[in-house]
Amino acid sequence: MAEAESRRERHRERFLAAVEELPLLTPTPAGWAELAADRLPEFLADHAVCEQQAALFGLNLVAHYPGDPELVDAMTALAAEEVTHLRRVSQLLHRRGLQPSKRRSNPYVQGLHEAMERENETALKCDRLLVGALIEARSCERFTRLLAVLAERDTEVADLLFDLGPAEKRHWQTFHRLAGRDVDDGWFQLRWEQWLRRERELMTGRGTCPTVHG
Ligand SMILES: [Fe+2]
Ligand SMILES: [Fe+2]
């Protein structure tokens, strides 16, 4: 009993710490976490694909910028960590006899990719990294919201999210830091604010599907 109580307290503290520092302009609608908790097999199947895509996204940046040692170091570490997340989610799916998802379209991520600068190389590099920051920040927000609902209902998934939420928080901060290195501070701030507004637009009307970004 005391152990369950202290677990709930740790979950609550971590939830508050992760959500407090998020840069996002709009919260996920309250009903999304209940929906994802009710339809956990669909959430977990989609979650596994997200972790796989996150690892590929990091490695893709390494392929684009192999001459940037700081980026290569951070993105190979991130990809390795995302692979450990993928392994944990996949093992959980298999243990529960749940069906994993194949690659599927993700309109939220697609919308962010479509809005990236294509003409100017410096701006494109910054945009690629800021898109990474936004996806990680939104994932962090969603995981921590779901954790708050699942803490009482499914301790195995709650423990998984308890570990993953803070990792995604670290990840968005890493992307954001890397994005700001090669560009003017004022320009960077404006760009980031523009991206945050775009993310808010893309989130409008979502929260009705039990997937990570649905
Ligand atoms: Fe992850
Ligand atoms: Fe991540």
# chains A, B, ... in the order shown; residues from 1 in each chain; ligands from 1

$ closest_atom_pairs --of "chain A" --to "ligand 2" --cutoff "12 Å" --atoms "only C-alpha atoms and all ligand atoms" --output "CSV"
residue,atom,partner,partner_atom_place_in_ligand_line,distance
A:His47,CA,ligand 2,1 (Fe),11.2
A:Ala48,CA,ligand 2,1 (Fe),11.8
A:Cys50,CA,ligand 2,1 (Fe),8.9
A:Glu51,CA,ligand 2,1 (Fe),7.1
A:Gln52,CA,ligand 2,1 (Fe),9.9
A:Gln53,CA,ligand 2,1 (Fe),9.6
A:Ala54,CA,ligand 2,1 (Fe),6.1
A:Ala55,CA,ligand 2,1 (Fe),7.9
A:Leu56,CA,ligand 2,1 (Fe),11.0
A:Phe57,CA,ligand 2,1 (Fe),9.9
A:Gly58,CA,ligand 2,1 (Fe),9.3
A:Ala74,CA,ligand 2,1 (Fe),11.8
A:Met75,CA,ligand 2,1 (Fe),10.4
A:Ala77,CA,ligand 2,1 (Fe),10.7
A:Leu78,CA,ligand 2,1 (Fe),7.0
A:Ala79,CA,ligand 2,1 (Fe),8.3
A:Ala80,CA,ligand 2,1 (Fe),10.2
A:Glu81,CA,ligand 2,1 (Fe),7.7
A:Glu82,CA,ligand 2,1 (Fe),6.0
A:Val83,CA,ligand 2,1 (Fe),9.8
A:Thr84,CA,ligand 2,1 (Fe),10.6
A:His85,CA,ligand 2,1 (Fe),8.5
A:Leu86,CA,ligand 2,1 (Fe),10.4
A:Gly132,CA,ligand 2,1 (Fe),8.6
A:Ala133,CA,ligand 2,1 (Fe),9.0
A:Leu134,CA,ligand 2,1 (Fe),10.5
A:Ile135,CA,ligand 2,1 (Fe),8.2
A:Glu136,CA,ligand 2,1 (Fe),5.3
A:Ala137,CA,ligand 2,1 (Fe),8.6
A:Arg138,CA,ligand 2,1 (Fe),10.1
A:Ser139,CA,ligand 2,1 (Fe),7.7
A:Cys140,CA,ligand 2,1 (Fe),8.1
A:Glu141,CA,ligand 2,1 (Fe),11.7
A:Phe143,CA,ligand 2,1 (Fe),11.1
A:Leu161,CA,ligand 2,1 (Fe),12.0
A:Asp163,CA,ligand 2,1 (Fe),11.4
A:Leu164,CA,ligand 2,1 (Fe),8.0
A:Gly165,CA,ligand 2,1 (Fe),8.7
A:Pro166,CA,ligand 2,1 (Fe),9.3
A:Ala167,CA,ligand 2,1 (Fe),6.3
A:Glu168,CA,ligand 2,1 (Fe),4.3
A:Lys169,CA,ligand 2,1 (Fe),7.7
A:Arg170,CA,ligand 2,1 (Fe),7.9
A:His171,CA,ligand 2,1 (Fe),5.3
A:Trp172,CA,ligand 2,1 (Fe),7.4
A:Gln173,CA,ligand 2,1 (Fe),10.3
A:Thr174,CA,ligand 2,1 (Fe),9.9
A:Phe175,CA,ligand 2,1 (Fe),9.9

$ closest_residue --among "A:Val49, A:Cys209, A:Val183, A:Leu178" --to "ligand 1" --atoms "only C-alpha atoms and all ligand atoms"
A:Val49

$ residues_around --residues "Leu150 (chain A)" --least-positions-apart "3" --cutoff "12 Å" --atoms "only C-alpha atoms" --output "MDAnalysis selection string"
chainID A and resid 7:8 11:12 33:40 143:147 153:162

$ select_by_dssp --residues "region 33-120 of chain A" --states "alpha helix (DSSP H)" --output "VMD selection string"
chain A and resid 33 to 38 40 to 64 69 to 95 107 to 114

$ residues_around --residues "His113 (chain A)" --least-positions-apart "2" --cutoff "10 Å" --atoms "only C-alpha atoms" --output "list in words"
Pro107, Tyr108, Val109, Gln110, Gly111, Ala115, Met116, Glu117, Asp127, Arg128, Val131 and Gly132 of chain A

$ closest_residue --among "A:Glu13, A:Asp182, A:Glu21, A:Glu193" --to "Cys126 (chain A)" --atoms "only C-alpha atoms"
A:Asp182
